[in-house]
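Student: What follows is input_4.cif; its format and atoms are mmCIF, C-alpha atoms.
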data_model
#
loop_
_atom_site.label_atom_id
_atom_site.label_comp_id
_atom_site.auth_asym_id
_atom_site.auth_seq_id
_atom_site.Cartn_x
_atom_site.Cartn_y
_atom_site.Cartn_z
CA MET A 1055 20.00 -32.84 85.10
CA GLU A 1056 18.14 -34.39 88.04
CA THR A 1057 20.53 -35.54 90.78
CA LEU A 1058 20.17 -38.50 93.18
CA LEU A 1059 19.29 -36.04 95.94
CA ASP A 1060 16.62 -34.45 93.75
CA LYS A 1061 15.07 -37.88 93.13
CA CYS A 1062 15.07 -38.73 96.86
CA LYS A 1063 13.42 -35.40 97.63
CA LYS A 1064 10.75 -36.13 95.03
CA ILE A 1065 9.87 -39.37 96.85
CA GLU A 1066 9.55 -37.40 100.08
CA GLU A 1067 7.02 -35.01 98.55
CA ASP A 1068 4.34 -37.56 99.46
CA TYR A 1069 5.11 -36.91 103.14
CA SER A 1070 4.17 -33.21 103.13
CA ILE A 1071 0.48 -33.75 104.01
CA ILE A 1072 1.45 -36.16 106.80
CA ILE A 1073 4.01 -33.75 108.28
CA ASP A 1074 1.47 -30.90 108.26
CA TYR A 1075 -1.08 -33.16 109.95
CA LEU A 1076 1.31 -34.29 112.69
CA GLU A 1077 2.52 -30.77 113.43
CA GLU A 1078 -1.08 -29.52 113.63
CA LYS A 1079 -2.24 -32.36 115.92
CA ARG A 1080 0.77 -31.94 118.26
CA TYR A 1081 0.39 -35.46 119.64
CA ARG A 1082 2.10 -36.02 122.97
CA GLU A 1083 4.03 -38.92 121.41
CA TYR A 1084 5.25 -37.02 118.32
CA ARG A 1085 8.91 -35.96 118.23
CA GLY A 1086 9.39 -34.83 114.63
CA PHE A 1087 9.89 -36.37 111.20
CA GLN A 1088 13.17 -37.88 110.09
CA THR A 1089 13.77 -40.01 107.00
CA PHE A 1090 17.59 -40.09 107.04
CA ASN A 1091 20.27 -40.08 109.74
CA SER A 1092 23.03 -39.52 107.18
CA ALA A 1093 23.83 -37.86 103.88
CA ILE A 1094 22.50 -39.32 100.61
CA ILE A 1095 25.18 -41.54 99.04
CA PRO A 1096 25.02 -43.50 95.77
CA ASN A 1097 25.82 -47.22 96.10
CA PRO A 1098 26.48 -47.10 99.87
CA GLU A 1099 28.65 -49.90 101.27
CA ILE A 1100 25.97 -50.55 103.92
CA LEU A 1101 22.48 -49.14 104.22
CA PHE A 1102 21.28 -49.42 107.82
CA ILE A 1103 17.51 -49.28 108.34
CA GLY A 1104 16.03 -48.54 111.77
CA ILE A 1105 12.38 -48.85 112.77
CA ASN A 1106 12.05 -45.08 113.42
CA SER A 1107 13.98 -42.16 114.83
CA GLY A 1108 14.16 -41.51 118.57
CA PRO A 1109 13.68 -38.18 120.38
CA GLY A 1110 17.31 -36.99 120.17
CA ALA A 1111 16.85 -34.19 117.62
CA TYR A 1112 13.61 -33.09 119.33
CA ASN A 1113 15.26 -32.86 122.75
CA GLU A 1114 18.22 -30.95 121.34
CA VAL A 1115 16.23 -28.32 119.45
CA ASN A 1116 13.73 -27.75 122.28
CA ARG A 1117 16.19 -27.52 125.16
CA GLY A 1118 15.45 -24.32 127.09
CA LYS A 1119 12.67 -23.20 124.70
CA CYS A 1120 9.01 -22.49 125.42
CA ASP A 1121 7.55 -22.98 121.94
CA ILE A 1122 7.74 -26.58 120.74
CA ILE A 1123 9.62 -27.19 117.50
CA TYR A 1124 9.23 -30.47 115.61
CA PRO A 1125 12.50 -31.07 113.71
CA ASN A 1126 12.18 -32.32 110.15
CA LYS A 1127 15.29 -34.07 108.85
CA LEU A 1128 14.64 -35.03 105.27
CA ALA A 1129 16.92 -35.87 102.34
CA GLY A 1130 19.84 -33.45 102.14
CA SER A 1131 19.56 -32.11 105.70
CA LEU A 1132 22.59 -34.01 107.00
CA GLU A 1133 26.20 -33.97 105.80
CA MET A 1134 27.46 -36.96 107.77
CA LEU A 1135 26.31 -40.13 109.47
CA ASP A 1136 24.73 -39.18 112.78
CA TRP A 1137 27.00 -41.62 114.65
CA TYR A 1138 30.09 -39.71 113.52
CA LYS A 1139 29.08 -36.53 115.37
CA PRO A 1140 31.40 -35.73 118.33
CA GLY A 1141 29.96 -36.79 121.65
CA ASN A 1142 27.25 -39.06 120.28
CA ALA A 1143 29.16 -42.14 121.37
CA ARG A 1144 31.52 -41.02 124.13
CA GLY A 1145 32.77 -38.07 126.11
CA TYR A 1146 33.69 -36.75 129.54
CA SER A 1147 31.45 -35.45 132.29
CA ILE A 1148 33.22 -32.67 134.22
CA ALA A 1149 31.38 -30.63 136.87
CA LYS A 1150 28.01 -31.70 135.38
CA ARG A 1151 29.17 -30.50 131.96
CA TRP A 1152 29.37 -32.86 129.01
CA ILE A 1153 32.63 -32.70 127.05
CA PRO A 1154 32.19 -34.52 123.71
CA VAL A 1155 35.01 -36.44 122.05
CA ASP A 1156 35.44 -37.69 118.48
CA TRP A 1157 33.57 -40.88 117.63
CA TYR A 1158 36.76 -42.92 117.11
CA ARG A 1159 38.03 -42.23 120.65
CA ARG A 1160 37.20 -45.69 121.88
CA ASP A 1161 39.74 -45.31 124.69
CA VAL A 1162 37.33 -42.94 126.48
CA LYS A 1163 35.25 -44.94 128.95
CA LYS A 1164 32.25 -42.64 129.47
CA VAL A 1165 29.49 -43.71 127.06
CA ASN A 1166 26.86 -41.19 126.02
CA ASN A 1167 24.70 -43.47 123.84
CA ILE A 1168 25.03 -47.26 124.06
CA PHE A 1169 23.37 -47.77 120.68
CA VAL A 1170 25.83 -45.43 118.92
CA ARG A 1171 28.76 -47.03 120.77
CA ASN A 1172 27.65 -50.47 119.60
CA MET A 1173 27.18 -49.33 116.00
CA ILE A 1174 30.67 -47.82 115.86
CA ASN A 1175 32.05 -51.07 117.26
CA LEU A 1176 30.14 -52.91 114.51
CA LEU A 1177 31.72 -50.69 111.84
CA TYR A 1178 35.19 -51.41 113.27
CA GLU A 1179 34.52 -55.17 113.30
CA THR A 1180 33.18 -55.14 109.74
CA ALA A 1181 36.05 -53.00 108.46
CA GLY A 1182 38.51 -55.40 110.10
CA ARG A 1183 36.98 -58.31 108.22
CA LEU A 1184 37.37 -56.40 104.94
CA SER A 1185 40.99 -55.45 105.65
CA PRO A 1186 42.84 -56.36 108.88
CA ASP A 1187 45.40 -53.64 108.09
CA TRP A 1188 42.68 -51.01 108.50
CA ILE A 1189 42.49 -51.95 112.18
CA MET A 1190 46.09 -52.96 112.93
CA LYS A 1191 47.50 -49.69 111.59
CA SER A 1192 44.94 -47.47 113.35
CA ASP A 1193 44.87 -46.09 116.89
CA SER A 1194 42.20 -44.37 118.97
CA SER A 1195 43.64 -40.86 118.58
CA THR A 1196 43.13 -40.46 114.82
CA LEU A 1197 40.57 -41.28 112.16
CA PRO A 1198 40.78 -45.01 111.37
CA LEU A 1199 42.17 -45.94 107.96
CA TRP A 1200 38.85 -47.47 106.98
CA TYR A 1201 36.97 -44.17 107.30
CA ASN A 1202 38.24 -42.54 104.08
CA GLY A 1203 36.36 -44.27 101.30
CA TRP A 1204 34.51 -47.16 102.93
CA GLY A 1205 33.46 -45.44 106.17
CA GLU A 1206 32.24 -42.37 104.30
CA LYS A 1207 29.83 -44.55 102.31
CA ILE A 1208 27.67 -45.79 105.19
CA MET A 1209 24.02 -44.73 105.21
CA PHE A 1210 21.28 -44.87 107.83
CA MET A 1211 17.58 -44.29 107.20
CA ASN A 1212 14.32 -44.96 109.04
CA LEU A 1213 11.62 -47.38 107.92
CA TYR A 1214 9.02 -45.10 109.51
CA PRO A 1215 10.11 -41.45 109.60
CA ILE A 1216 7.82 -40.48 112.50
CA ALA A 1217 10.10 -39.83 115.49
CA THR A 1218 8.91 -41.00 118.93
CA GLU A 1219 10.28 -41.99 122.33
CA SER A 1220 9.51 -45.66 121.64
CA ALA A 1221 8.14 -48.03 119.00
CA LYS A 1222 4.98 -48.32 121.12
CA ASP A 1223 4.39 -44.56 120.72
CA LEU A 1224 4.94 -44.90 116.96
CA TYR A 1225 2.10 -47.42 116.67
CA VAL A 1226 -0.17 -45.21 118.79
CA ILE A 1227 0.25 -42.47 116.17
CA LEU A 1228 -0.19 -44.87 113.24
CA ASN A 1229 -3.46 -46.13 114.75
CA ARG A 1230 -4.74 -42.55 115.02
CA MET A 1231 -3.79 -41.84 111.41
CA VAL A 1232 -6.01 -44.74 110.28
CA LYS A 1233 -9.07 -42.72 111.39
CA GLU A 1234 -8.15 -39.47 109.60
CA ASN A 1235 -10.28 -39.21 106.46
CA HIS A 1236 -8.26 -36.35 104.94
CA LEU A 1237 -5.16 -38.59 104.88
CA VAL A 1238 -6.86 -41.30 102.82
CA SER A 1239 -5.40 -39.89 99.59
CA CYS A 1240 -1.92 -40.74 100.92
CA TRP A 1241 -2.69 -44.46 101.03
CA GLU A 1242 -4.39 -44.72 97.62
CA GLY A 1243 -2.81 -47.48 95.56
CA ILE A 1244 -1.58 -49.35 98.68
CA ASP A 1245 -3.16 -52.81 98.87
CA GLY A 1246 -4.99 -54.07 101.94
CA ARG A 1247 -7.79 -53.02 104.27
CA MET A 1248 -7.62 -49.68 106.06
CA ASP A 1249 -5.54 -50.41 109.15
CA ASN A 1250 -2.11 -49.37 110.43
CA TRP A 1251 -0.50 -52.07 108.26
CA LYS A 1252 -1.77 -50.26 105.19
CA ILE A 1253 -0.05 -47.11 106.46
CA ARG A 1254 3.10 -49.06 107.28
CA ARG A 1255 3.13 -50.48 103.74
CA PHE A 1256 2.89 -46.90 102.44
CA PHE A 1257 6.15 -46.01 104.21
CA ILE A 1258 7.83 -49.31 103.29
CA HIS A 1259 6.91 -48.69 99.64
CA HIS A 1260 8.70 -45.33 99.79
CA VAL A 1261 11.76 -46.93 101.40
CA ASN A 1262 11.81 -49.48 98.58
CA GLN A 1263 11.62 -46.65 96.02
CA THR A 1264 14.60 -44.99 97.69
CA ILE A 1265 16.59 -48.22 97.71
CA ARG A 1266 16.02 -48.58 93.96
CA LEU A 1267 17.78 -45.23 93.57
CA LEU A 1268 20.58 -45.83 96.09
CA LYS A 1269 21.43 -49.43 95.11
CA PRO A 1270 23.28 -50.29 98.36
CA LYS A 1271 25.75 -53.16 98.46
CA CYS A 1272 24.19 -54.52 101.66
CA ILE A 1273 21.13 -53.77 103.82
CA VAL A 1274 21.16 -54.20 107.60
CA CYS A 1275 17.96 -53.80 109.64
CA LEU A 1276 18.52 -52.54 113.17
CA GLY A 1277 16.19 -54.64 115.30
CA MET A 1278 13.85 -57.49 114.41
CA SER A 1279 10.82 -55.17 114.28
CA ALA A 1280 12.49 -53.23 111.46
CA TYR A 1281 13.55 -56.46 109.74
CA ASN A 1282 10.13 -58.14 109.98
CA ASP A 1283 8.23 -55.11 108.70
CA PHE A 1284 10.70 -54.46 105.88
CA MET A 1285 10.71 -58.10 104.81
CA VAL A 1286 7.04 -58.72 105.72
CA LYS A 1287 7.99 -61.66 107.92
CA SER A 1288 7.63 -62.76 111.55
CA GLU A 1289 11.18 -63.93 112.21
CA LYS A 1290 12.11 -64.54 115.87
CA ARG A 1291 15.82 -65.42 115.59
CA GLN A 1292 18.46 -63.05 116.99
CA LEU A 1293 20.40 -63.03 113.71
CA VAL A 1294 19.07 -63.64 110.21
CA LYS A 1295 20.13 -63.09 106.61
CA GLU A 1296 17.75 -63.35 103.65
CA GLU A 1297 17.36 -61.91 100.18
CA LYS A 1298 14.84 -59.37 98.93
CA THR A 1299 14.27 -58.34 95.34
CA ILE A 1300 13.46 -54.67 94.81
CA GLY A 1301 12.97 -53.63 91.21
CA ASP A 1302 15.47 -55.58 89.14
CA THR A 1303 18.02 -56.05 91.94
CA THR A 1304 18.25 -58.70 94.66
CA TYR A 1305 19.75 -57.52 97.96
CA SER A 1306 21.17 -59.35 100.96
CA VAL A 1307 19.20 -58.19 104.00
CA ILE A 1308 20.52 -58.81 107.50
CA GLY A 1309 18.48 -58.43 110.67
CA PHE A 1310 19.50 -58.70 114.29
CA SER A 1311 17.78 -58.37 117.63
CA ARG A 1312 18.58 -55.29 119.72
CA LYS A 1313 17.16 -56.83 122.89
CA GLY A 1314 19.42 -57.23 125.91
CA ALA A 1315 23.18 -56.68 125.71
CA TRP A 1316 23.23 -57.02 121.92
CA GLY A 1317 26.63 -55.32 121.70
CA ALA A 1318 28.10 -58.73 122.56
CA ARG A 1319 26.84 -59.99 119.17
CA VAL A 1320 28.71 -57.40 117.13
CA LYS A 1321 31.24 -59.95 115.81
CA ASP A 1322 28.47 -62.33 114.74
CA ILE A 1323 26.63 -59.52 112.95
CA SER A 1324 29.81 -58.45 111.12
CA ARG A 1325 30.28 -62.03 109.87
CA LEU A 1326 26.91 -61.84 108.13
CA ILE A 1327 27.84 -58.52 106.52
CA VAL A 1328 31.26 -59.78 105.37
CA PRO A 1329 31.20 -63.62 105.25
#
Let's see the structure in the file written out as C-alpha cells.

Tutor:
Amino acid sequence: METLLDKCKKIEEDYSIIIDYLEEKRYREYRGFQTFNSAIIPNPEILFIGINSGPGAYNEVNRGKCDIIYPNKLAGSLEMLDWYKPGNARGYSIAKRWIPVDWYRRDVKKVNNIFVRNMINLLYETAGRLSPDWIMKSDSSTLPLWYNGWGEKIMFMNLYPIATESAKDLYVILNRMVKENHLVSCWEGIDGRMDNWKIRRFFIHHVNQTIRLLKPKCIVCLGMSAYNDFMVKSEKRQLVKEEKTIGDTTYSVIGFSRKGAWGARVKDISRLIVP
C-alpha cells in the first residue's frame, strides 16, 4: 500500500531534472535543494511555508571540505522539525567553541539564530492559547507539555526548494532557468508566458499537490513574499489572514512580515492561528 511519504516522494520526482541541472551548473548563488525542514506528518496542526531554504545545511556539510557538496533534503530525509535540533536556537559560546542547548532552554541568553528563536517563541504563544496549562505547568529545563502530541505535529516546507543566501539570489537562479531550453519539459502544462513566474507557478503547483495530501489544520506563510506568491496576491500588510481552496478543501492561510524586529509581533501572529 502506498504511504503518505511515498506519495510526497512521487510529487518530488518532477524535481530530478532541475536538481541535476543546478548541480551541473554550480551557480555561485546555489546552496542545495530542500523541500522540507521537517518530517512528513499527516494532518499537521500547523504547516509553515517559507519562501526558500537558507544556506545552513550547505555551510554545515561543506565546513572544512575542498569539494563542494550540494545537500538535497527531500521528503523523508528529516525526522524532526529543524527548529527542534539542539543549538539551532540557543547555546553557549565558551573559548570560541559553540555549546548547543536544547531548543526549549529559553533561559539561555545566547541566541544562535534569531529566526529559530522567534519561531519557538511563536509555538509557545500558540500552545498557550490552546491550553494555558501547557505553559503554566512547564519550565525551561524540560520538554514543554505541549510538545507531546501537538508540538510533534508541526511541519515546515519551502515554497521554492532552491536554497540560497537570500531571496534575491533565488530570483537570479529562476531567471537563468527561464533561458534553459532543456528544462522546458518541466513547465509543460503550467499556464502563462515563459518567464520566472511560470517557473514559480510550477513549484507552487507542487506545493499545492503536497497540501492536498497532508491536509493541514492551518497554513502559516513565513514572510509576505511567501504569502503573496502562494496566494498570488500583492498584500502589503504586516499581518493577514485569508482563505485558499486547494482541491476540495478550504484552508485558513496566515501571512506575516518578517521585516524588522518581527519577534515583537509573535503574540499577534498567534492570535490569528488560534483566535

Student: Using the chain letters and numbers from the file, which residues does the PyMOL selection byres ((chain A and resi 1319) around 12) grab, as a list in words?

Tutor: Asn1172, Met1173, Asn1175, Leu1176, Glu1179, Gln1292, Leu1293, Phe1310, Ser1311, Arg1312, Lys1313, Gly1314, Ala1315, Trp1316, Gly1317, Ala1318, Val1320, Lys1321, Asp1322, Ile1323, Ser1324, Arg1325 and Leu1326 of chain A

Student: Can you list what the PyMOL selection byres ((chain A and resi 1298) around 12) grabs from this structure, as a list in words?

Tutor: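 Going through the file, the PyMOL selection byres ((chain A and resi 1298) around 12) ends up selecting Asn1262, Ile1265, Arg1266, Cys1272, Ile1273, Val1274, Tyr1281, Phe1284, Met1285, Val1286, Lys1287, Lys1295, Glu1296, Glu1297, Thr1299, Ile1300, Gly1301, Asp1302, Thr1303, Thr1304, Tyr1305, Ser1306, Val1307 and Ile1308 of chain A.
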
Student: Please evaluate the PyMOL selection byres ((chain A and resi 1128) around 7) against the structure above and give the resulting residues as a list in words.

Tutor: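 This file, filtered by the PyMOL selection byres ((chain A and resi 1128) around 7), leaves Gln1088, Thr1089, Phe1090, Asn1126, Lys1127, Ala1129, Gly1130 and Ser1131 of chain A.
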
Student: Expressed in Å to a single decimal, how great is the separation between CA of Arg1159 (chain A) and CA of Trp1188 (chain A)?

Tutor: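 Between CA of Arg1159 (chain A) and CA of Trp1188 (chain A) the gap works out to 15.7 Å.
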
Student: Could you pull the residues within 10 Å of Asp1161 (chain A), counting all atoms listed in the file, minus those fewer than 3 positions along the same chain, as a list of chain:residue names?

Tutor: A:Arg1144, A:Tyr1158, A:Lys1164, A:Asp1193, A:Ser1194, A:Ser1195

Student: Residues within 12 Å of Lys1079 (chain A), please, as a PyMOL selection string. Count all atoms listed in the file; anything in the same chain fewer than 5 positions from it doesn't count.

Tutor: chain A and resi 1072-1074+1084-1086+1124+1227+1230-1231+1234

Student: Restricting the calculation to all atoms listed in the file, which member of A:Ile1094, A:Arg1082, A:Glu1289, A:Met1278 is positioned closest to Lys1063 (chain A)?

Tutor: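 Smallest separation from Lys1063 (chain A) among the options: A:Ile1094.
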
Student: How many Å separate CA of Met1190 (chain A) from CA of Val1328 (chain A)?

Tutor: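 If I compute the distance from CA of Met1190 (chain A) to CA of Val1328 (chain A), I get 18.0 Å.
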
Student: Write out as a compact mmCIF listing (two decimals) with C-alpha atoms, in the frame of the given file which residues come within 12 Å of region 1238-1240 of chain A when counting all atoms listed in the file, dropping same-chain ones fewer than 6 positions away.

Tutor:
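Everything below was put into part-v5.txt:
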# COMPACT_ATOMS: atom_id res chain seq x y z
CA GLU A 1066 9.55 -37.40 100.08
CA GLU A 1067 7.02 -35.01 98.55
CA ASP A 1068 4.34 -37.56 99.46
CA TYR A 1069 5.11 -36.91 103.14
CA SER A 1070 4.17 -33.21 103.13
CA ILE A 1071 0.48 -33.75 104.01
CA ILE A 1072 1.45 -36.16 106.80
CA ILE A 1073 4.01 -33.75 108.28
CA TYR A 1075 -1.08 -33.16 109.95
CA MET A 1231 -3.79 -41.84 111.41
CA VAL A 1232 -6.01 -44.74 110.28
CA ARG A 1247 -7.79 -53.02 104.27
CA MET A 1248 -7.62 -49.68 106.06
CA ASP A 1249 -5.54 -50.41 109.15
CA LYS A 1252 -1.77 -50.26 105.19
CA ILE A 1253 -0.05 -47.11 106.46
CA ARG A 1254 3.10 -49.06 107.28
CA ARG A 1255 3.13 -50.48 103.74
CA PHE A 1256 2.89 -46.90 102.44
CA PHE A 1257 6.15 -46.01 104.21
CA HIS A 1259 6.91 -48.69 99.64
CA HIS A 1260 8.70 -45.33 99.79

Student: Between CA of Phe1210 (chain A) and CA of Pro1096 (chain A), what is the spacing in Å?

Tutor: 12.7 Å

Student: Would you list the contacts of Ile1065 (chain A) as a list in words, taking every protein, DNA or RNA residue within 9 Å and counting all atoms listed in the file, but skipping same-chain residues closer than 5 positions in sequence?

Tutor: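 The neighbour list is Asp1060, His1260, Gln1263 and Thr1264 of chain A.
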
Student: Using all atoms listed in the file, which residue out of A:Arg1117, A:Lys1290, A:Lys1271, A:Arg1151 lies closest to Lys1207 (chain A)?

Tutor: A:Lys1271

Student: Do you have, as CSV, the list of residues of region 1201-1224 of chain A lying at most 8 Å from region 1099-1106 of chain A, each with its nearest atom pair and that distance in Å to one decimal, counting all atoms listed in the file and ordered by chain then number?

Tutor:
residue,atom,partner,partner_atom,distance
A:Trp1204,CA,A:Glu1099,CA,6.7
A:Lys1207,CA,A:Glu1099,CA,5.6
A:Ile1208,CA,A:Ile1100,CA,5.2
A:Met1209,CA,A:Leu1101,CA,4.8
A:Phe1210,CA,A:Phe1102,CA,4.6
A:Met1211,CA,A:Ile1103,CA,5.1
A:Asn1212,CA,A:Gly1104,CA,4.8
A:Leu1213,CA,A:Ile1105,CA,5.1
A:Tyr1214,CA,A:Asn1106,CA,4.9
A:Pro1215,CA,A:Asn1106,CA,5.6
A:Ile1216,CA,A:Asn1106,CA,6.3
A:Ala1217,CA,A:Asn1106,CA,6.0
A:Thr1218,CA,A:Asn1106,CA,7.5
A:Ala1221,CA,A:Asn1106,CA,7.4
A:Leu1224,CA,A:Asn1106,CA,7.9

Student: Of the candidates A:Ala1181, A:Asn1116, A:Val1170, A:Ile1122, which shows the shortest atom-to-atom distance to Gly1141 (chain A), using all atoms listed in the file?

Tutor: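 Closest residue, counting all atoms listed in the file: A:Val1170.
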
Student: Nearest residue to Ser1279 (chain A) out of A:Tyr1201, A:Val1162, A:Pro1098, A:Lys1222, using all atoms listed in the file?

Tutor: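 With all atoms listed in the file as the atom set, the closest residue is A:Lys1222.
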